[in-house]
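K.L.:
Just so it is clear, I am handing over target12.txt, which has compact mmCIF, C-alpha atoms and all ligand atoms.
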# COMPACT_ATOMS: atom_id res chain seq x y z
CA MET B 66 9.07 -25.18 -46.30
CA GLY B 67 12.74 -24.56 -45.44
CA LYS B 68 14.43 -21.36 -44.45
CA ILE B 69 13.87 -18.24 -46.55
CA LEU B 70 15.97 -15.11 -46.88
CA LEU B 71 13.77 -12.10 -47.57
CA HIS B 72 15.43 -9.18 -49.30
CA CYS B 73 13.85 -5.99 -47.92
CA CYS B 74 13.96 -2.69 -49.78
CA CYS B 75 12.60 -0.62 -46.84
CA GLY B 76 10.52 -0.81 -43.67
CA PRO B 77 7.11 0.11 -45.09
CA CYS B 78 7.39 -2.39 -47.96
CA ALA B 79 8.48 -5.08 -45.49
CA MET B 80 5.42 -4.74 -43.24
CA TYR B 81 2.85 -6.74 -45.19
CA PRO B 82 5.22 -9.52 -46.36
CA LEU B 83 6.56 -9.94 -42.82
CA ASP B 84 3.08 -9.99 -41.32
CA LEU B 85 2.01 -12.61 -43.87
CA LEU B 86 5.08 -14.83 -43.55
CA VAL B 87 5.15 -14.67 -39.75
CA SER B 88 1.44 -15.56 -39.61
CA LYS B 89 2.21 -18.60 -41.79
CA ASP B 90 5.09 -19.66 -39.51
CA TYR B 91 7.81 -19.21 -42.12
CA ASP B 92 11.36 -19.62 -40.88
CA LEU B 93 12.99 -16.46 -42.22
CA ASP B 94 15.64 -13.80 -41.89
CA CYS B 95 15.59 -10.37 -43.53
CA PHE B 96 18.36 -9.07 -45.76
CA TRP B 97 19.43 -5.52 -46.57
CA TYR B 98 21.43 -4.72 -49.67
CA ASN B 99 20.16 -1.53 -51.28
CA PRO B 100 22.96 0.73 -52.61
CA ASN B 101 20.31 2.33 -54.81
CA ILE B 102 19.04 4.32 -51.83
CA GLN B 103 20.60 7.76 -52.24
CA PRO B 104 21.92 10.04 -50.89
CA GLN B 105 23.61 8.53 -47.84
CA PHE B 106 21.32 10.28 -45.36
CA GLU B 107 18.32 8.60 -46.98
CA PHE B 108 20.16 5.26 -47.11
CA ASP B 109 20.75 5.40 -43.34
CA ARG B 110 17.20 6.57 -42.64
CA ARG B 111 15.58 3.72 -44.61
CA HIS B 112 17.99 1.17 -43.13
CA GLU B 113 17.12 2.30 -39.59
CA ASN B 114 13.41 2.09 -40.33
CA LEU B 115 13.76 -1.40 -41.74
CA GLN B 116 15.46 -2.39 -38.49
CA LYS B 117 12.42 -1.02 -36.64
CA ALA B 118 10.09 -3.10 -38.81
CA CYS B 119 12.18 -6.24 -38.19
CA ASP B 120 12.24 -5.54 -34.44
CA HIS B 121 8.46 -5.18 -34.51
CA PHE B 122 8.16 -8.75 -35.78
CA GLY B 123 11.17 -10.12 -33.91
CA ILE B 124 12.96 -11.07 -37.13
CA LYS B 125 16.74 -10.91 -37.58
CA LEU B 126 18.07 -8.40 -40.11
CA ILE B 127 21.30 -9.18 -41.97
CA SER B 128 22.82 -6.08 -43.55
CA VAL B 129 25.33 -6.13 -46.37
CA GLY B 130 26.84 -2.87 -47.53
CA THR B 131 26.67 0.32 -45.52
CA GLU B 132 27.09 2.88 -48.28
CA CYS B 133 24.96 4.07 -51.12
CA MET B 134 26.38 3.97 -54.65
CA GLN B 135 25.28 7.37 -55.88
CA ASP B 136 28.46 7.99 -57.88
CA TYR B 137 28.04 4.70 -59.71
CA TRP B 138 24.44 5.58 -60.58
CA LEU B 139 25.52 8.97 -61.86
CA SER B 140 28.34 7.44 -63.95
CA LYS B 141 25.84 5.52 -66.10
CA GLU B 142 28.67 3.08 -66.91
CA TYR B 143 26.23 0.25 -66.32
CA LEU B 144 24.21 1.19 -69.39
CA GLU B 145 26.85 -0.59 -71.48
CA GLN B 146 25.80 -3.82 -69.78
CA TYR B 147 22.15 -3.25 -68.85
CA GLY B 148 19.19 -1.95 -70.78
CA SER B 149 18.22 0.54 -68.09
CA ARG B 150 19.21 1.75 -64.64
CA CYS B 151 16.25 -0.08 -63.07
CA GLU B 152 17.26 -3.38 -64.66
CA MET B 153 20.77 -2.93 -63.22
CA CYS B 154 19.26 -1.95 -59.86
CA TYR B 155 17.15 -5.12 -59.67
CA ASP B 156 20.00 -7.27 -60.97
CA ILE B 157 22.63 -6.29 -58.41
CA ARG B 158 20.23 -6.57 -55.50
CA MET B 159 18.78 -9.95 -56.50
CA ASP B 160 22.31 -11.19 -57.22
CA SER B 161 23.35 -10.23 -53.71
CA VAL B 162 20.44 -11.91 -51.91
CA ALA B 163 20.58 -15.08 -54.02
CA LYS B 164 24.35 -15.40 -53.50
CA PHE B 165 24.09 -14.83 -49.75
CA ALA B 166 21.19 -17.31 -49.45
CA SER B 167 23.12 -19.95 -51.37
CA GLU B 168 26.33 -19.50 -49.38
CA ASN B 169 24.64 -19.41 -45.98
CA GLY B 170 22.35 -22.43 -45.96
CA TYR B 171 19.01 -20.87 -46.91
CA ASP B 172 16.62 -22.91 -49.04
CA SER B 173 15.13 -19.97 -50.90
CA PHE B 174 14.95 -16.22 -51.22
CA CYS B 175 12.32 -13.63 -52.05
CA THR B 176 12.05 -9.83 -52.06
CA THR B 177 9.68 -7.20 -50.71
CA LEU B 178 10.04 -5.42 -54.04
CA LEU B 179 7.19 -7.74 -55.07
CA VAL B 180 4.76 -5.80 -52.85
CA SER B 181 4.99 -2.57 -54.80
CA PRO B 182 2.58 -1.72 -57.61
CA TYR B 183 5.15 0.91 -58.69
CA GLN B 184 7.98 -1.53 -59.45
CA GLN B 185 8.47 -3.65 -62.58
CA HIS B 186 7.05 -6.79 -61.00
CA ASP B 187 7.59 -9.19 -63.92
CA LYS B 188 11.14 -7.97 -64.51
CA ILE B 189 12.02 -8.52 -60.83
CA ALA B 190 10.62 -12.06 -60.98
CA GLU B 191 12.48 -12.79 -64.23
CA ILE B 192 15.81 -11.56 -62.83
CA SER B 193 15.25 -13.44 -59.57
CA ASP B 194 14.66 -16.69 -61.49
CA MET B 195 17.95 -16.16 -63.32
CA LYS B 196 19.81 -15.58 -60.04
CA ALA B 197 18.23 -18.69 -58.52
CA SER B 198 19.64 -20.78 -61.38
CA LYS B 199 23.02 -19.04 -61.16
CA TYR B 200 23.47 -19.79 -57.44
CA GLY B 201 21.51 -23.05 -57.08
CA VAL B 202 18.94 -21.76 -54.60
CA ASP B 203 15.16 -21.49 -55.00
CA PHE B 204 13.41 -18.23 -55.74
CA ASP B 205 10.18 -18.35 -53.74
CA TYR B 206 7.95 -16.14 -55.91
CA MET B 207 5.15 -14.42 -53.99
CA ASP B 208 2.87 -11.70 -55.27
CA PHE B 209 2.51 -9.44 -52.23
CA ARG B 210 0.80 -6.63 -54.15
CA PRO B 211 -2.73 -7.23 -52.80
CA GLY B 212 -1.37 -6.25 -49.36
CA PHE B 213 0.46 -3.07 -50.40
CA ARG B 214 -2.03 -0.60 -48.86
CA GLN B 215 -2.43 -2.70 -45.73
CA GLY B 216 1.35 -2.71 -45.31
CA GLN B 217 1.55 1.07 -45.70
CA ASP B 218 -1.18 1.47 -43.06
CA MET B 219 0.70 -0.83 -40.70
CA ALA B 220 3.87 1.22 -41.25
CA ARG B 221 1.97 4.39 -40.34
CA GLU B 222 0.58 2.75 -37.21
CA ILE B 223 4.03 1.92 -35.84
CA GLY B 224 5.45 5.30 -36.88
CA LEU B 225 7.80 4.24 -39.67
CA TYR B 226 9.25 6.85 -42.00
CA ARG B 227 7.51 6.48 -45.39
CA GLN B 228 9.55 7.79 -48.30
CA LYS B 229 8.20 9.67 -51.29
CA TYR B 230 10.57 8.45 -54.00
CA CYS B 231 11.86 5.13 -55.23
CA GLY B 232 15.46 5.46 -54.06
CA CYS B 233 18.16 6.57 -56.50
CA ILE B 234 19.19 10.15 -57.10
CA PHE B 235 17.41 10.18 -60.46
CA SER B 236 14.12 9.15 -58.90
CA LEU B 237 14.58 11.84 -56.25
CA GLU B 238 15.13 14.49 -58.88
CA GLU B 239 12.05 13.30 -60.78
CA SER B 240 9.82 13.28 -57.69
CA LYS B 241 7.12 15.93 -57.45
CA PHE B 242 8.09 16.12 -53.77
CA ARG B 243 11.74 16.86 -54.63
CA ASP B 244 12.03 20.15 -52.73
CA LYS B 245 10.28 18.79 -49.63
CA ILE B 246 12.56 15.75 -49.67
CA TYR B 247 15.72 17.86 -49.81
CA LYS B 248 14.39 19.95 -46.94
CA SER B 249 13.87 16.77 -44.91
CA PHE B 250 17.58 15.93 -45.00
CA GLU B 251 19.31 16.92 -41.79
CA ASP B 252 22.26 18.33 -43.65
CA GLY B 253 20.80 21.32 -45.46
CA SER B 254 23.95 21.53 -47.57
CA LEU B 255 22.97 18.39 -49.45
CA ALA B 256 22.10 19.65 -52.87
CA SER B 257 21.16 18.09 -56.14
CA THR B 258 24.12 16.28 -57.65
CA ARG B 259 22.53 15.25 -60.89
CA THR B 260 24.96 15.84 -63.71
CA GLU B 261 22.88 15.09 -66.81
S1 LIG Z 301 14.07 4.30 -60.02
FE1 LIG Z 301 14.06 2.82 -58.31
S2 LIG Z 301 14.33 0.80 -59.27
FE2 LIG Z 301 14.95 2.34 -60.77
S3 LIG Z 301 17.17 2.59 -60.47
FE3 LIG Z 301 16.17 4.14 -59.22
S4 LIG Z 301 15.97 3.17 -57.21
FE4 LIG Z 301 16.36 1.52 -58.67
What is this structure when it is put down as structure tokens?
Ligand code: SF4
P.N.:
Amino acid sequence: MGKILLHCCCGPCAMYPLDLLVSKDYDLDCFWYNPNIQPQFEFDRRHENLQKACDHFGIKLISVGTECMQDYWLSKEYLEQYGSRCEMCYDIRMDSVAKFASENGYDSFCTTLLVSPYQQHDKIAEISDMKASKYGVDFDYMDFRPGFRQGQDMAREIGLYRQKYCGCIFSLEESKFRDKIYKSFEDGSLASTRTE
């Protein structure tokens, strides 16, 4: 089976995949690279809650990058290269986990993004396949979606913070919970920075 590096987007989405892989005796580490989580307060909050999820299962978490890239998202420079912000968002994260897996002796990688019915599942798998070829490491495709609700329930049971928007500043602004989310930030001075 080999050793797998599991990219994790957040604690709640990691619960079901971790429960499944641990129950099947996978040899794995978790990996955090999510500059799409914005603003910084939210980035830190989701990172901390992923650490709690990893601690719950006794799995090591490797973290790369400690800052969100809100300014880059707002710049929209990437649209010259990518068809959409979400395509760029999947691309840079799968590039990071595939590269790290290849350079650090892992046999394969996967991502908890594949648990969410709200993400572009096929696009994530397509990009991951491309990154596997680029770095010479296997992409271990798994469809975790049947366990999405179960994972959310498990997250509630252990008291994880469960976010109400995808991650980037645009998705926050588009969320019907926008005002509540801003209120939840410790620093009340954090205001909308959308510049469209
Ligand atoms: S909506 Fe979600 S997937 Fe798309 S760019 Fe924002 S954080 Fe990334």
K.L.:
Looking at B:Gln228, B:Gln185, B:Gln146, B:Ser173, which one is nearest to Ser198 in chain B, with distances taken over only C-alpha atoms?
P.N.:
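The shortest atom-to-atom distance to Ser198 in chain B comes from B:Ser173.
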K.L.:
Can I get the residues close to ligand LIG 301 (chain Z) as a list in words, where close means within 9 Å and we count all atoms listed in the file?
P.N.:
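Final answer, ordered by chain and number: Asn99, Pro100, Asn101, Ile102, Gln103, Trp138, Ser149, Arg150, Cys151, Glu152, Met153, Cys154, Tyr155, Gln184, Gln185, Tyr230, Cys231, Gly232, Cys233, Ile234, Phe235, Ser236 and Leu237 of chain B.
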K.L.:
Counting all atoms listed in the file, what is within 6 Å of Leu70 in chain B, bar same-chain residues fewer than 4 positions away, as a ChimeraX atom specification?
P.N.:
/B:93-95,174
K.L.:
Would you mind exporting the chosen residues as a compact mmCIF listing (two decimals), in the coordinates of the input, restricted to C-alpha atoms?
P.N.:
# COMPACT_ATOMS: atom_id res chain seq x y z
CA LEU B 93 12.99 -16.46 -42.22
CA ASP B 94 15.64 -13.80 -41.89
CA CYS B 95 15.59 -10.37 -43.53
CA PHE B 174 14.95 -16.22 -51.22
K.L.:
Contacts of range 112-125 of chain B at 8 Å or less, counting only C-alpha atoms, minus same-chain residues fewer than 4 places along, as a VMD selection string?
P.N.:
chain B and resid 73 75 to 77 79 to 80 83 to 84 87 93 to 95 97 108 220 225 to 226
K.L.:
Those residues with C-alpha atoms, as a PDB file, in the coordinates of the input please?
P.N.:
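File produced: result33.pdb:
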ATOM      1  CA  CYS B  73      13.850  -5.990 -47.920  1.00  0.00           C
ATOM      2  CA  CYS B  75      12.600  -0.620 -46.840  1.00  0.00           C
ATOM      3  CA  GLY B  76      10.520  -0.810 -43.670  1.00  0.00           C
ATOM      4  CA  PRO B  77       7.110   0.110 -45.090  1.00  0.00           C
ATOM      5  CA  ALA B  79       8.480  -5.080 -45.490  1.00  0.00           C
ATOM      6  CA  MET B  80       5.420  -4.740 -43.240  1.00  0.00           C
ATOM      7  CA  LEU B  83       6.560  -9.940 -42.820  1.00  0.00           C
ATOM      8  CA  ASP B  84       3.080  -9.990 -41.320  1.00  0.00           C
ATOM      9  CA  VAL B  87       5.150 -14.670 -39.750  1.00  0.00           C
ATOM     10  CA  LEU B  93      12.990 -16.460 -42.220  1.00  0.00           C
ATOM     11  CA  ASP B  94      15.640 -13.800 -41.890  1.00  0.00           C
ATOM     12  CA  CYS B  95      15.590 -10.370 -43.530  1.00  0.00           C
ATOM     13  CA  TRP B  97      19.430  -5.520 -46.570  1.00  0.00           C
ATOM     14  CA  PHE B 108      20.160   5.260 -47.110  1.00  0.00           C
ATOM     15  CA  ALA B 220       3.870   1.220 -41.250  1.00  0.00           C
ATOM     16  CA  LEU B 225       7.800   4.240 -39.670  1.00  0.00           C
ATOM     17  CA  TYR B 226       9.250   6.850 -42.000  1.00  0.00           C
TER      18      TYR B 226
END
K.L.:
Just how far from CA of Leu179 in chain B is CA of Ser167 in chain B, in Å to one decimal?
P.N.:
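Distance between the two atoms: 20.4 Å.
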K.L.:
Distance CA of Thr131 in chain B-CA of Ser161 in chain B, one decimal place?
P.N.:
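These two atoms are separated by 13.8 Å.
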K.L.:
Rounded to one decimal, what separation in Å do you get between CA of Met207 in chain B and CA of Cys175 in chain B?
P.N.:
7.5 Å
K.L.:
Please list as a VMD selection string every residue within 8 Å of Val180 in chain B, counting only C-alpha atoms and excluding residues in the same chain fewer than 2 positions away.
P.N.:
chain B and resid 78 81 to 82 177 to 178 182 208 to 213
K.L.:
Tell me which protein, DNA and RNA residues are within 9 Å of Ser193 in chain B, counting only C-alpha atoms, leaving out same-chain ones fewer than 4 positions away, and put them as an mmCIF file with C-alpha atoms, keeping the file's coordinate frame.
P.N.:
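Final file, part_19.cif:
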data_model
loop_
_atom_site.group_PDB
_atom_site.id
_atom_site.type_symbol
_atom_site.label_atom_id
_atom_site.label_comp_id
_atom_site.auth_asym_id
_atom_site.auth_seq_id
_atom_site.Cartn_x
_atom_site.Cartn_y
_atom_site.Cartn_z
ATOM 1 C CA TYR B 155 17.150 -5.120 -59.670
ATOM 2 C CA ASP B 156 20.000 -7.270 -60.970
ATOM 3 C CA MET B 159 18.780 -9.950 -56.500
ATOM 4 C CA ASP B 160 22.310 -11.190 -57.220
ATOM 5 C CA ALA B 163 20.580 -15.080 -54.020
ATOM 6 C CA PHE B 174 14.950 -16.220 -51.220
ATOM 7 C CA CYS B 175 12.320 -13.630 -52.050
ATOM 8 C CA THR B 176 12.050 -9.830 -52.060
ATOM 9 C CA LYS B 188 11.140 -7.970 -64.510
ATOM 10 C CA ILE B 189 12.020 -8.520 -60.830
ATOM 11 C CA ALA B 197 18.230 -18.690 -58.520
ATOM 12 C CA SER B 198 19.640 -20.780 -61.380
ATOM 13 C CA PHE B 204 13.410 -18.230 -55.740
ATOM 14 C CA TYR B 206 7.950 -16.140 -55.910
#
K.L.:
Which one of B:Asp194, B:Glu238, B:Asp203, B:Glu142 sits closest to Tyr171 in chain B if you count all atoms listed in the file?
P.N.:
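Using all atoms listed in the file, the shortest distance to Tyr171 in chain B belongs to B:Asp203.
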K.L.:
Please provide as a ChimeraX atom specification all residues within 7 Å of Gly130 in chain B, with the sequence filter that same-chain residues fewer than 2 positions apart are discarded (counting only C-alpha atoms).
P.N.:
/B:98,128,132
K.L.:
From the options B:Tyr147, B:Asp90, B:Phe96, B:Val202, which residue's atoms come nearest to Ile127 in chain B, counting all atoms listed in the file?
P.N.:
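The answer is B:Phe96, which sits nearest to Ile127 in chain B.
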K.L.:
Have a look at B:Ile157, B:Ile192, B:Leu86, B:Cys133 and name the one nearest to Arg111 in chain B; count all atoms listed in the file.
P.N.:
B:Cys133
K.L.:
If I only have part of range 121-145 of chain B, can you fill in N, CA, C and O atoms and write it as a CSV table (one decimal), keeping the file's coordinate frame?
P.N.:
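Output contents, as saved in rebuild.csv:
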chain,number,residue,atom,x,y,z
B,121,HIS,N,9.9,-5.1,-34.8
B,121,HIS,CA,8.5,-5.2,-34.5
B,121,HIS,C,8.0,-6.6,-34.6
B,121,HIS,O,7.1,-7.1,-33.8
B,122,PHE,N,8.6,-7.4,-35.6
B,122,PHE,CA,8.2,-8.8,-35.8
B,122,PHE,C,9.1,-9.7,-35.1
B,122,PHE,O,8.9,-11.0,-35.2
B,123,GLY,N,10.2,-9.2,-34.5
B,123,GLY,CA,11.2,-10.1,-33.9
B,123,GLY,C,11.9,-11.0,-34.9
B,123,GLY,O,12.3,-12.1,-34.6
B,124,ILE,N,12.2,-10.4,-36.1
B,124,ILE,CA,13.0,-11.1,-37.1
B,124,ILE,C,14.4,-10.5,-37.2
B,124,ILE,O,14.6,-9.3,-37.2
B,125,LYS,N,15.3,-11.3,-37.4
B,125,LYS,CA,16.7,-10.9,-37.6
B,125,LYS,C,17.0,-10.2,-38.9
B,125,LYS,O,16.5,-10.7,-40.0
B,126,LEU,N,17.7,-9.1,-38.9
B,126,LEU,CA,18.1,-8.4,-40.1
B,126,LEU,C,19.6,-8.6,-40.4
B,126,LEU,O,20.4,-8.2,-39.5
B,127,ILE,N,19.9,-9.1,-41.5
B,127,ILE,CA,21.3,-9.2,-42.0
B,127,ILE,C,21.5,-8.0,-43.0
B,127,ILE,O,20.8,-7.9,-44.0
B,128,SER,N,22.6,-7.2,-42.7
B,128,SER,CA,22.8,-6.1,-43.6
B,128,SER,C,24.2,-6.2,-44.3
B,128,SER,O,25.2,-6.5,-43.6
B,129,VAL,N,24.1,-6.0,-45.6
B,129,VAL,CA,25.3,-6.1,-46.4
B,129,VAL,C,25.5,-4.8,-47.1
B,129,VAL,O,24.6,-4.3,-47.8
B,130,GLY,N,26.6,-4.2,-46.9
B,130,GLY,CA,26.8,-2.9,-47.5
B,130,GLY,C,26.3,-1.7,-46.7
B,130,GLY,O,25.1,-1.8,-46.3
B,131,THR,N,27.1,-0.8,-46.4
B,131,THR,CA,26.7,0.3,-45.5
B,131,THR,C,26.7,1.7,-46.3
B,131,THR,O,26.5,2.7,-45.7
B,132,GLU,N,27.0,1.6,-47.5
B,132,GLU,CA,27.1,2.9,-48.3
B,132,GLU,C,26.3,2.8,-49.6
B,132,GLU,O,26.2,1.8,-50.2
B,133,CYS,N,25.7,4.0,-49.9
B,133,CYS,CA,25.0,4.1,-51.1
B,133,CYS,C,26.0,4.2,-52.3
B,133,CYS,O,27.1,4.5,-52.1
B,134,MET,N,25.5,3.9,-53.5
B,134,MET,CA,26.4,4.0,-54.6
B,134,MET,C,25.9,5.1,-55.6
B,134,MET,O,25.8,4.8,-56.8
B,135,GLN,N,25.8,6.3,-55.0
B,135,GLN,CA,25.3,7.4,-55.9
B,135,GLN,C,26.2,7.7,-57.1
B,135,GLN,O,25.8,7.9,-58.2
B,136,ASP,N,27.5,7.7,-56.8
B,136,ASP,CA,28.5,8.0,-57.9
B,136,ASP,C,28.4,7.0,-59.0
B,136,ASP,O,28.5,7.4,-60.2
B,137,TYR,N,28.2,5.7,-58.7
B,137,TYR,CA,28.0,4.7,-59.7
B,137,TYR,C,26.8,4.9,-60.5
B,137,TYR,O,26.8,4.8,-61.8
B,138,TRP,N,25.7,5.3,-59.9
B,138,TRP,CA,24.4,5.6,-60.6
B,138,TRP,C,24.7,6.7,-61.5
B,138,TRP,O,24.3,6.7,-62.7
B,139,LEU,N,25.3,7.8,-61.0
B,139,LEU,CA,25.5,9.0,-61.9
B,139,LEU,C,26.5,8.7,-63.0
B,139,LEU,O,26.4,9.3,-64.1
B,140,SER,N,27.4,7.7,-62.9
B,140,SER,CA,28.3,7.4,-64.0
B,140,SER,C,27.7,6.9,-65.2
B,140,SER,O,28.2,7.1,-66.3
B,141,LYS,N,26.6,6.2,-65.0
B,141,LYS,CA,25.8,5.5,-66.1
B,141,LYS,C,26.7,4.5,-66.8
B,141,LYS,O,26.3,4.1,-68.0
B,142,GLU,N,27.8,4.1,-66.3
B,142,GLU,CA,28.7,3.1,-66.9
B,142,GLU,C,27.9,1.8,-67.2
B,142,GLU,O,28.1,1.1,-68.1
B,143,TYR,N,27.0,1.5,-66.3
B,143,TYR,CA,26.2,0.2,-66.3
B,143,TYR,C,25.4,0.1,-67.6
B,143,TYR,O,24.9,-0.9,-67.9
B,144,LEU,N,25.1,1.3,-68.2
B,144,LEU,CA,24.2,1.2,-69.4
B,144,LEU,C,24.9,0.4,-70.6
B,144,LEU,O,24.2,0.0,-71.5
B,145,GLU,N,26.2,0.2,-70.5
B,145,GLU,CA,26.8,-0.6,-71.5
B,145,GLU,C,26.4,-2.0,-71.3
B,145,GLU,O,26.5,-2.8,-72.2
